[in-house]
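A.B. asks: This is upload10.cif, which holds mmCIF, C-alpha atoms:
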data_input
loop_
_atom_site.label_atom_id
_atom_site.label_comp_id
_atom_site.auth_asym_id
_atom_site.auth_seq_id
_atom_site.Cartn_x
_atom_site.Cartn_y
_atom_site.Cartn_z
CA MET A 1 0.00 0.00 0.00
CA LYS A 2 2.77 2.39 0.88
CA ALA A 3 4.55 1.57 -2.33
CA LYS A 4 2.30 3.84 -4.37
CA LEU A 5 3.70 6.99 -2.81
CA GLY A 6 7.17 5.82 -3.33
CA THR A 7 10.10 6.21 -5.56
CA MET A 8 11.90 3.18 -6.93
CA SER A 9 13.93 2.75 -3.80
CA SER A 10 10.92 2.64 -1.53
CA THR A 11 8.97 0.19 -3.68
CA SER A 12 11.49 -2.56 -3.43
CA PRO A 13 11.48 -2.96 0.36
CA ALA A 14 7.74 -2.39 0.43
CA GLY A 15 7.35 -4.95 -2.33
CA ARG A 16 9.15 -7.53 -0.25
CA LYS A 17 6.98 -6.99 2.81
CA PRO A 18 3.84 -8.92 1.81
CA ASP A 19 5.90 -12.13 1.67
CA GLN A 20 6.92 -11.76 5.27
CA GLY A 21 3.63 -10.23 6.40
CA GLN A 22 0.20 -11.81 6.51
CA ALA A 23 0.81 -14.49 3.92
CA GLY A 24 4.20 -15.30 5.40
CA ARG A 25 2.79 -15.59 8.90
CA ALA A 26 0.10 -18.02 7.83
CA ALA A 27 2.78 -20.20 6.31
CA GLY A 28 5.16 -19.63 9.24
CA ILE A 29 4.53 -22.90 11.01
CA GLU A 30 4.95 -24.78 7.75
CA ARG A 31 8.39 -23.30 7.28
CA ARG A 32 9.64 -25.01 10.41
CA ALA A 33 10.59 -27.97 8.21
CA SER A 34 12.52 -25.69 5.88
CA GLY A 35 16.05 -24.28 5.89
CA PRO A 36 17.74 -24.79 9.29
CA GLY A 37 14.68 -26.80 10.28
CA ARG A 38 15.81 -29.56 7.95
CA LEU A 39 19.03 -29.91 9.89
CA ILE A 40 17.16 -29.93 13.22
CA ILE A 41 14.85 -32.67 11.92
CA ALA A 42 17.85 -34.61 10.61
CA VAL A 43 19.52 -34.49 14.04
CA TYR A 44 16.26 -35.61 15.67
CA GLY A 45 16.17 -38.45 13.16
CA ILE A 46 19.71 -39.51 14.07
CA PHE A 47 18.81 -39.49 17.77
CA ALA A 48 15.59 -41.35 17.09
CA VAL A 49 17.49 -44.14 15.37
CA SER A 50 20.36 -44.34 17.84
CA ALA A 51 18.15 -44.12 20.94
CA THR A 52 15.85 -46.81 19.53
CA ALA A 53 18.73 -49.11 18.69
CA ARG A 54 20.23 -48.60 22.13
CA ALA A 55 16.93 -49.24 23.94
CA VAL A 56 16.24 -52.39 21.92
CA TYR A 57 19.74 -53.65 22.65
CA GLN A 58 19.48 -52.91 26.39
CA ILE A 59 16.03 -54.43 26.78
CA ALA A 60 16.83 -57.48 24.65
CA THR A 61 20.12 -58.37 26.30
CA LYS A 62 20.12 -57.19 29.92
CA PHE A 63 16.72 -55.85 30.91
CA SER A 64 16.80 -57.24 34.47
CA GLU A 65 20.05 -55.43 35.30
CA ALA A 66 18.51 -51.96 35.29
CA PRO A 67 14.85 -52.05 34.25
CA VAL A 68 14.11 -48.43 35.15
CA ALA A 69 17.03 -47.10 33.13
CA TYR A 70 16.20 -49.25 30.12
CA LEU A 71 12.51 -48.37 30.14
CA LEU A 72 13.60 -44.76 30.27
CA SER A 73 15.81 -45.39 27.22
CA ALA A 74 12.79 -46.74 25.39
CA PHE A 75 10.72 -43.74 26.45
CA ALA A 76 13.43 -41.34 25.27
CA ALA A 77 13.57 -43.16 21.94
CA ALA A 78 9.80 -42.78 21.51
CA VAL A 79 10.02 -39.06 22.30
CA TYR A 80 12.75 -38.53 19.68
CA ILE A 81 10.77 -40.42 17.06
CA LEU A 82 7.63 -38.40 17.81
CA ALA A 83 9.56 -35.11 17.76
CA ALA A 84 11.22 -35.90 14.42
CA VAL A 85 7.93 -36.87 12.79
CA ALA A 86 5.95 -33.99 14.29
CA LEU A 87 8.52 -31.41 13.18
CA ALA A 88 8.38 -32.69 9.63
CA LYS A 89 4.59 -32.88 9.38
CA LYS A 90 2.41 -30.02 8.21
CA GLY A 91 -0.49 -28.52 10.10
CA LEU A 92 -1.26 -26.86 13.40
CA ARG A 93 -1.95 -30.09 15.26
CA TRP A 94 1.49 -31.47 14.41
CA TYR A 95 3.00 -28.14 15.42
CA TRP A 96 1.64 -28.52 18.94
CA ILE A 97 2.60 -32.18 19.06
CA SER A 98 6.15 -31.14 18.24
CA VAL A 99 6.04 -28.49 21.00
CA ALA A 100 4.79 -31.13 23.46
CA ALA A 101 7.33 -33.75 22.41
CA ILE A 102 10.27 -31.36 22.64
CA SER A 103 9.05 -30.00 26.00
CA VAL A 104 8.90 -33.55 27.35
CA GLU A 105 12.37 -34.11 25.94
CA LEU A 106 13.72 -31.02 27.73
CA LEU A 107 12.00 -32.05 30.97
CA GLY A 108 13.38 -35.57 30.56
CA VAL A 109 16.96 -34.53 30.04
CA LEU A 110 16.79 -32.13 33.01
CA VAL A 111 15.13 -34.58 35.42
CA VAL A 112 17.25 -37.55 34.38
CA GLY A 113 20.35 -35.37 34.40
CA LEU A 114 19.65 -34.26 37.97
CA LEU A 115 18.72 -37.78 39.07
CA SER A 116 21.91 -39.23 37.68
CA VAL A 117 23.84 -36.67 39.73
CA PHE A 118 21.87 -36.90 43.00
CA ASP A 119 20.46 -40.43 43.00
CA ALA A 120 22.72 -42.56 40.86
CA ALA A 121 21.40 -45.78 42.44
CA LEU A 122 18.01 -45.32 40.79
CA LEU A 123 19.55 -45.38 37.33
CA PRO A 124 22.54 -47.71 37.56
CA ASP A 125 23.13 -47.79 33.82
CA ASP A 126 23.35 -44.96 31.34
CA THR A 127 20.51 -43.65 29.24
CA VAL A 128 20.68 -41.03 26.50
CA TRP A 129 19.76 -38.41 29.07
CA SER A 130 22.11 -39.43 31.88
CA GLY A 131 24.45 -36.67 33.02
CA PHE A 132 22.50 -34.21 30.84
CA GLY A 133 23.48 -36.20 27.76
CA LYS A 134 27.22 -36.06 28.30
CA GLY A 135 27.64 -39.43 26.60
CA TYR A 136 26.37 -37.77 23.43
CA GLY A 137 28.38 -34.56 23.64
CA TYR A 138 25.55 -32.77 25.52
CA VAL A 139 23.59 -32.67 22.27
CA PRO A 140 20.54 -34.12 24.11
CA LEU A 141 20.55 -31.00 26.33
CA LEU A 142 21.12 -28.49 23.52
CA LEU A 143 18.74 -30.07 21.01
CA PRO A 144 15.45 -29.38 22.87
CA LEU A 145 16.52 -25.79 23.60
CA LEU A 146 17.31 -25.30 19.93
CA GLY A 147 14.09 -27.05 18.96
CA LEU A 148 11.89 -24.94 21.21
CA TRP A 149 13.57 -21.74 20.05
CA TRP A 150 13.00 -22.79 16.45
CA LEU A 151 9.33 -23.57 17.12
CA TRP A 152 8.92 -20.23 18.93
CA ARG A 153 10.30 -18.46 15.87
CA HIS A 154 7.78 -20.32 13.74
CA ARG A 155 4.87 -20.04 16.14
CA PRO A 156 1.37 -19.66 14.78
CA GLY A 157 0.04 -16.12 14.57
CA ARG A 158 -2.09 -14.93 17.50
CA THR A 159 -5.33 -15.33 15.56
CA GLU A 160 -4.48 -18.94 14.81
CA MET A 161 -3.68 -19.68 18.42
CA ARG A 162 -7.33 -19.31 19.50
CA MET B 1 46.23 -54.76 16.95
CA VAL B 2 44.34 -51.92 18.54
CA VAL B 3 43.62 -49.69 15.57
CA ASP B 4 43.32 -51.04 12.08
CA GLY B 5 43.73 -49.49 8.67
CA PHE B 6 40.07 -49.78 7.78
CA PHE B 7 39.15 -47.73 10.81
CA ILE B 8 41.68 -44.96 10.09
CA THR B 9 40.71 -44.83 6.40
CA GLY B 10 37.01 -44.72 7.24
CA VAL B 11 37.30 -41.97 9.81
CA VAL B 12 39.44 -39.86 7.46
CA ILE B 13 36.93 -40.27 4.61
CA CYS B 14 34.05 -39.36 6.96
CA LEU B 15 35.73 -36.26 8.35
CA VAL B 16 36.85 -35.00 4.93
CA SER B 17 33.32 -35.60 3.61
CA ALA B 18 31.79 -33.70 6.52
CA LEU B 19 34.28 -30.84 6.08
CA ILE B 20 33.48 -30.51 2.36
CA CYS B 21 29.74 -30.38 3.06
CA ILE B 22 30.07 -27.89 5.92
CA VAL B 23 32.31 -25.59 3.86
CA ALA B 24 29.79 -25.78 1.00
CA ALA B 25 27.04 -24.72 3.42
CA VAL B 26 29.14 -21.87 4.79
CA ILE B 27 29.75 -20.49 1.29
CA ARG B 28 26.01 -20.76 0.67
CA GLN B 29 26.00 -23.53 -1.89
CA PRO B 30 23.03 -25.84 -2.32
CA PRO B 31 23.91 -29.55 -2.52
CA ASN B 32 25.93 -30.08 -5.69
CA ASP B 33 27.98 -32.83 -7.35
CA ILE B 34 30.90 -32.29 -4.98
CA THR B 35 28.94 -32.63 -1.75
CA ILE B 36 26.86 -35.52 -3.09
CA LEU B 37 30.03 -37.33 -4.16
CA ALA B 38 31.51 -36.65 -0.72
CA VAL B 39 28.56 -38.46 0.85
CA ALA B 40 28.73 -41.18 -1.81
CA ALA B 41 32.37 -41.75 -0.82
CA VAL B 42 31.25 -42.49 2.74
CA GLU B 43 28.67 -44.97 1.45
CA LEU B 44 31.23 -46.60 -0.84
CA PHE B 45 33.64 -46.97 2.05
CA LEU B 46 30.94 -48.59 4.18
CA LEU B 47 30.16 -51.11 1.44
CA VAL B 48 33.83 -51.99 1.01
CA TYR B 49 34.23 -52.17 4.79
CA GLY B 50 31.26 -54.52 5.05
CA VAL B 51 32.42 -56.82 2.27
CA ALA B 52 35.92 -56.85 3.75
CA ALA B 53 34.45 -57.62 7.18
CA ILE B 54 32.65 -60.66 5.74
CA PHE B 55 35.91 -61.97 4.32
CA ARG B 56 37.81 -61.15 7.50
CA GLN B 57 35.30 -63.09 9.56
CA LEU B 58 35.22 -65.98 7.09
CA GLY B 59 39.02 -65.95 7.16
CA GLY B 60 38.92 -66.61 10.86
CA GLU B 61 39.62 -63.17 12.26
CA PRO B 62 37.69 -63.05 15.55
CA VAL B 63 35.27 -60.29 16.47
CA ALA B 64 35.98 -59.44 20.08
CA GLY B 65 32.46 -58.24 20.83
CA GLU B 66 29.12 -59.49 19.59
CA ALA B 67 29.15 -60.06 15.82
CA TRP B 68 25.43 -59.30 15.50
CA GLU B 69 25.96 -55.96 17.21
CA PHE B 70 28.70 -55.10 14.71
CA TRP B 71 26.38 -55.98 11.82
CA GLY B 72 23.52 -54.07 13.41
CA TYR B 73 25.67 -50.97 13.37
CA TRP B 74 26.78 -51.66 9.83
CA ILE B 75 23.25 -52.08 8.46
CA THR B 76 22.14 -48.88 10.20
CA ALA B 77 25.24 -47.07 8.94
CA ILE B 78 24.70 -47.92 5.26
CA LEU B 79 21.17 -46.48 5.50
CA VAL B 80 22.30 -43.12 6.92
CA PRO B 81 23.87 -41.63 3.73
CA VAL B 82 20.89 -42.80 1.67
CA ALA B 83 18.38 -41.25 4.07
CA ALA B 84 20.35 -37.98 4.27
CA PHE B 85 20.62 -37.82 0.48
CA TRP B 86 16.87 -38.27 0.15
CA TRP B 87 16.17 -35.66 2.85
CA SER B 88 18.56 -33.12 1.32
CA MET B 89 17.15 -33.53 -2.18
CA LEU B 90 13.63 -32.64 -1.03
CA GLU B 91 14.81 -29.10 -0.43
CA ARG B 92 18.04 -28.09 -2.07
CA SER B 93 19.11 -25.23 0.18
CA ARG B 94 22.49 -24.57 1.78
CA TRP B 95 21.12 -26.13 4.96
CA SER B 96 20.75 -29.41 3.16
CA ASN B 97 24.53 -29.44 2.85
CA LEU B 98 24.72 -29.45 6.64
CA VAL B 99 22.38 -32.44 6.62
CA LEU B 100 24.85 -34.11 4.25
CA GLY B 101 27.70 -33.01 6.53
CA ALA B 102 26.00 -34.70 9.47
CA VAL B 103 26.43 -38.00 7.62
CA GLY B 104 30.22 -37.94 7.90
CA LEU B 105 30.13 -37.00 11.59
CA THR B 106 27.51 -39.62 12.43
CA ILE B 107 29.26 -42.39 10.53
CA ALA B 108 32.60 -41.46 12.11
CA VAL B 109 31.06 -41.96 15.56
CA MET B 110 29.50 -45.23 14.43
CA LEU B 111 32.86 -46.42 13.07
CA VAL B 112 34.41 -45.77 16.48
CA ARG B 113 31.76 -48.02 18.05
CA MET B 114 32.19 -50.67 15.34
CA GLU B 115 35.93 -50.60 15.89
CA GLN B 116 35.37 -51.01 19.64
CA ILE B 117 33.13 -54.01 19.02
CA TRP B 118 35.60 -55.55 16.58
CA ASP B 119 38.72 -55.11 18.71
CA MET B 120 37.31 -54.26 22.14
CA ALA B 121 39.73 -51.35 22.09
CA GLY B 122 37.24 -49.25 23.99
CA THR B 123 36.62 -51.57 26.91
CA ALA B 124 39.25 -49.73 28.91
CA LEU B 125 37.21 -46.54 28.68
#
Could you write out this file's structure as structure tokens?
C.D. replies:
Amino acid sequence: MKAKLGTMSSTSPAGRKPDQGQAGRAAGIERRASGPGRLIIAVYGIFAVSATARAVYQIATKFSEAPVAYLLSAFAAAVYILAAVALAKKGLRWYWISVAAISVELLGVLVVGLLSVFDAALLPDDTVWSGFGKGYGYVPLLLPLLGLWWLWRHRPGRTEMR
Amino acid sequence: MVVDGFFITGVVICLVSALICIVAAVIRQPPNDITILAVAAVELFLLVYGVAAIFRQLGGEPVAGEAWEFWGYWITAILVPVAAFWWSMLERSRWSNLVLGAVGLTIAVMLVRMEQIWDMAGTAL
């Protein structure tokens, strides 16, 4: 609208605005699987596969040694799978599922991290989240923070939230 | 023998591949022939490594850890470059090169574990 008063120089920035404005906001949550989002989803995919493989191995070979820790491994694996899928899927419902999955992941890594420091007897063997994910280069701690920040940047517009 | 030639070769290929892909992303290139070939090199190494491992085992070289665990890693590993290639081709942006770069880093870590299973070099850790 403002472009009509303008000279050439003012039309070009004004011309770009509609993309990032209303139309862009509507598509904002869909863009979470685009650009850097693709890398985030890829990392979630890697963790989904490795956590699943680890949980299957632990439960299949030595479940009785540390049942709580190994069930937790399986739970963590399920959370990573859900987060990876939900991030990649379109639609508002999947957006909120991804928020929920990543929030649970953050809660999990914090609680398990604290437990492994203060009550090591409860979790005698390592899980992905033990020691705040130190066995995986602390990626399990950083990933949910990155994920939630990314989802916040691609949050639905206020009108859609209702 | 604690560290074998296959392991060193594999890790070098993985790290060079990851470096090429990361540099390509930094200079804002979408996935191109160079980065795709870098990932293909990782896949090719894994195939050679797997075939060689079959012959090494048939030739009587013992696997210190569980053989099925080694092969579990190997089967997962050969799927990683394929999956990353597919994922990066769906949207050919510079970020997809970082997805391709993640292949080299992931496979390098997996090779460390496979080496530990094969030689039990990591049991001291």
A.B. asks: Within 7 Å of chain B, which residues of chain A show up when using all atoms listed in the file, listed as a PyMOL selection string?
C.D. replies: chain A and resi 35-36+38-39+42
A.B. asks: Can you tell me how far CA of Val128 in chain A sits from CA of Arg113 in chain B, in Å to one decimal?
C.D. replies: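 Here the two named atoms are 15.6 Å from each other.
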A.B. asks: Which residue is closest to Val48 in chain B? Choose from B:Gly104, B:Ala64, B:Thr9, B:Glu115 and count all atoms listed in the file.
C.D. replies: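 Nearest candidate to Val48 in chain B out of B:Gly104, B:Ala64, B:Thr9, B:Glu115: B:Thr9.
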A.B. asks: Could you state which residues are captured by the PyMOL selection byres ((chain A and resi 40) around 10) in this file, as a short mmCIF file (atom, residue, chain, number, x, y, z; two decimals) with C-alpha atoms, in the frame of the given file?
C.D. replies:
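The resulting selection.cif:
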data_model
loop_
_atom_site.label_atom_id
_atom_site.label_comp_id
_atom_site.auth_asym_id
_atom_site.auth_seq_id
_atom_site.Cartn_x
_atom_site.Cartn_y
_atom_site.Cartn_z
CA ARG A 32 9.64 -25.01 10.41
CA ALA A 33 10.59 -27.97 8.21
CA SER A 34 12.52 -25.69 5.88
CA GLY A 35 16.05 -24.28 5.89
CA PRO A 36 17.74 -24.79 9.29
CA GLY A 37 14.68 -26.80 10.28
CA ARG A 38 15.81 -29.56 7.95
CA LEU A 39 19.03 -29.91 9.89
CA ILE A 41 14.85 -32.67 11.92
CA ALA A 42 17.85 -34.61 10.61
CA VAL A 43 19.52 -34.49 14.04
CA TYR A 44 16.26 -35.61 15.67
CA GLY A 45 16.17 -38.45 13.16
CA ILE A 46 19.71 -39.51 14.07
CA ALA A 84 11.22 -35.90 14.42
CA LEU A 87 8.52 -31.41 13.18
CA ALA A 88 8.38 -32.69 9.63
CA LEU A 143 18.74 -30.07 21.01
CA PRO A 144 15.45 -29.38 22.87
CA LEU A 146 17.31 -25.30 19.93
CA GLY A 147 14.09 -27.05 18.96
CA TRP A 150 13.00 -22.79 16.45
CA TRP B 95 21.12 -26.13 4.96
CA VAL B 99 22.38 -32.44 6.62
#
A.B. asks: Which residues come within 12 Å of range 11-18 of chain B, counting all atoms listed in the file, excluding same-chain residues fewer than 6 positions away, as a PyMOL selection string?
C.D. replies: chain B and resi 3-5+24-25+34-46+49+77+81+97-115
A.B. asks: Could you state the separation of CA of Tyr136 in chain A and CA of Tyr95 in chain A in Å, given to one decimal place?
C.D. replies: 26.5 Å
A.B. asks: Please report the interatomic distance between CA of Tyr70 in chain A and CA of Ser98 in chain A in Å with one decimal.
C.D. replies: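 Separation between CA of Tyr70 in chain A and CA of Ser98 in chain A: 23.9 Å.
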A.B. asks: Tell me which of B:Glu66, B:Trp71, B:Asn32, B:Ile27 sits closest to Ile54 in chain B, counting only C-alpha atoms.
C.D. replies: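 Checking each of B:Glu66, B:Trp71, B:Asn32, B:Ile27 against Ile54 in chain B, counting only C-alpha atoms, the winner is B:Trp71.
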A.B. asks: With only C-alpha atoms as the counted atoms, please give the residues lying no more than 12 Å from Leu145 in chain A, apart from itself and same-chain residues fewer than 2 positions off, as a list in words.
C.D. replies: Ile40, Val99, Ile102, Ser103, Val104, Glu105, Leu106, Leu107, Val109, Leu110, Tyr138, Val139, Pro140, Leu141, Leu142, Leu143, Gly147, Leu148, Trp149, Trp150, Leu151 and Trp152 of chain A
A.B. asks: Around range 76-94 of chain B, with edges along x, y and z and 3 Å added on all six sides, what centre and edge lengths do you get, in Å to one decimal, as JSON?
C.D. replies:
{"center_x": 19.4, "center_y": -36.7, "center_z": 4.0, "size_x": 17.6, "size_y": 30.3, "size_z": 18.4}
A.B. asks: Looking at A:Gly135, A:His154, A:Ile81, A:Leu122, which one is nearest to Glu65 in chain A, with distances taken over all atoms listed in the file?
C.D. replies: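 Closest to Glu65 in chain A, using all atoms listed in the file: A:Leu122.
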A.B. asks: Enumerate, as a PDB file with C-alpha atoms, in the coordinates of the input, the residues matched when the PyMOL selection byres ((chain A and resi 129) around 7) is run on the file above.
C.D. replies:
ATOM      1  CA  VAL A 109      16.960 -34.530  30.040  1.00  0.00           C
ATOM      2  CA  VAL A 112      17.250 -37.550  34.380  1.00  0.00           C
ATOM      3  CA  GLY A 113      20.350 -35.370  34.400  1.00  0.00           C
ATOM      4  CA  THR A 127      20.510 -43.650  29.240  1.00  0.00           C
ATOM      5  CA  VAL A 128      20.680 -41.030  26.500  1.00  0.00           C
ATOM      6  CA  SER A 130      22.110 -39.430  31.880  1.00  0.00           C
ATOM      7  CA  GLY A 131      24.450 -36.670  33.020  1.00  0.00           C
ATOM      8  CA  PHE A 132      22.500 -34.210  30.840  1.00  0.00           C
ATOM      9  CA  GLY A 133      23.480 -36.200  27.760  1.00  0.00           C
ATOM     10  CA  PRO A 140      20.540 -34.120  24.110  1.00  0.00           C
TER      11      PRO A 140
END
A.B. asks: Take range 34-53 of chain A, model N, CA and C atoms, and hand the result over as an mmCIF file, in the frame of the given file.
C.D. replies:
data_model
loop_
_atom_site.group_PDB
_atom_site.id
_atom_site.type_symbol
_atom_site.label_atom_id
_atom_site.label_comp_id
_atom_site.auth_asym_id
_atom_site.auth_seq_id
_atom_site.Cartn_x
_atom_site.Cartn_y
_atom_site.Cartn_z
ATOM 1 N N SER A 34 11.763 -26.225 7.001
ATOM 2 C CA SER A 34 12.520 -25.690 5.880
ATOM 3 C C SER A 34 13.820 -25.064 6.388
ATOM 4 N N GLY A 35 14.797 -24.927 5.513
ATOM 5 C CA GLY A 35 16.050 -24.280 5.890
ATOM 6 C C GLY A 35 16.701 -24.968 7.077
ATOM 7 N N PRO A 36 17.089 -24.180 8.117
ATOM 8 C CA PRO A 36 17.740 -24.790 9.290
ATOM 9 C C PRO A 36 16.888 -25.887 9.918
ATOM 10 N N GLY A 37 15.574 -25.778 9.742
ATOM 11 C CA GLY A 37 14.680 -26.800 10.280
ATOM 12 C C GLY A 37 14.995 -28.182 9.753
ATOM 13 N N ARG A 38 15.487 -28.245 8.519
ATOM 14 C CA ARG A 38 15.810 -29.560 7.950
ATOM 15 C C ARG A 38 16.951 -30.205 8.717
ATOM 16 N N LEU A 39 17.905 -29.368 9.127
ATOM 17 C CA LEU A 39 19.030 -29.910 9.890
ATOM 18 C C LEU A 39 18.553 -30.374 11.270
ATOM 19 N N ILE A 40 17.685 -29.565 11.896
ATOM 20 C CA ILE A 40 17.160 -29.930 13.220
ATOM 21 C C ILE A 40 16.422 -31.265 13.127
ATOM 22 N N ILE A 41 15.593 -31.412 12.090
ATOM 23 C CA ILE A 41 14.850 -32.670 11.920
ATOM 24 C C ILE A 41 15.822 -33.822 11.672
ATOM 25 N N ALA A 42 16.867 -33.555 10.885
ATOM 26 C CA ALA A 42 17.850 -34.610 10.610
ATOM 27 C C ALA A 42 18.525 -35.069 11.899
ATOM 28 N N VAL A 43 18.870 -34.107 12.773
ATOM 29 C CA VAL A 43 19.520 -34.490 14.040
ATOM 30 C C VAL A 43 18.542 -35.264 14.913
ATOM 31 N N TYR A 44 17.280 -34.834 14.930
ATOM 32 C CA TYR A 44 16.260 -35.610 15.670
ATOM 33 C C TYR A 44 16.159 -37.020 15.103
ATOM 34 N N GLY A 45 16.232 -37.126 13.786
ATOM 35 C CA GLY A 45 16.170 -38.450 13.160
ATOM 36 C C GLY A 45 17.334 -39.329 13.593
ATOM 37 N N ILE A 46 18.531 -38.749 13.642
ATOM 38 C CA ILE A 46 19.710 -39.510 14.070
ATOM 39 C C ILE A 46 19.526 -39.995 15.505
ATOM 40 N N PHE A 47 19.021 -39.096 16.368
ATOM 41 C CA PHE A 47 18.810 -39.490 17.770
ATOM 42 C C PHE A 47 17.683 -40.502 17.896
ATOM 43 N N ALA A 48 16.677 -40.374 17.054
ATOM 44 C CA ALA A 48 15.590 -41.350 17.090
ATOM 45 C C ALA A 48 16.130 -42.743 16.800
ATOM 46 N N VAL A 49 16.961 -42.825 15.752
ATOM 47 C CA VAL A 49 17.490 -44.140 15.370
ATOM 48 C C VAL A 49 18.440 -44.671 16.432
ATOM 49 N N SER A 50 19.363 -43.817 16.913
ATOM 50 C CA SER A 50 20.360 -44.340 17.840
ATOM 51 C C SER A 50 19.739 -44.668 19.193
ATOM 52 N N ALA A 51 18.791 -43.838 19.648
ATOM 53 C CA ALA A 51 18.150 -44.120 20.940
ATOM 54 C C ALA A 51 17.308 -45.398 20.851
ATOM 55 N N THR A 52 16.643 -45.595 19.704
ATOM 56 C CA THR A 52 15.850 -46.810 19.530
ATOM 57 C C THR A 52 16.735 -48.044 19.539
ATOM 58 N N ALA A 53 17.829 -47.963 18.771
ATOM 59 C CA ALA A 53 18.730 -49.110 18.690
ATOM 60 C C ALA A 53 19.291 -49.435 20.076
#
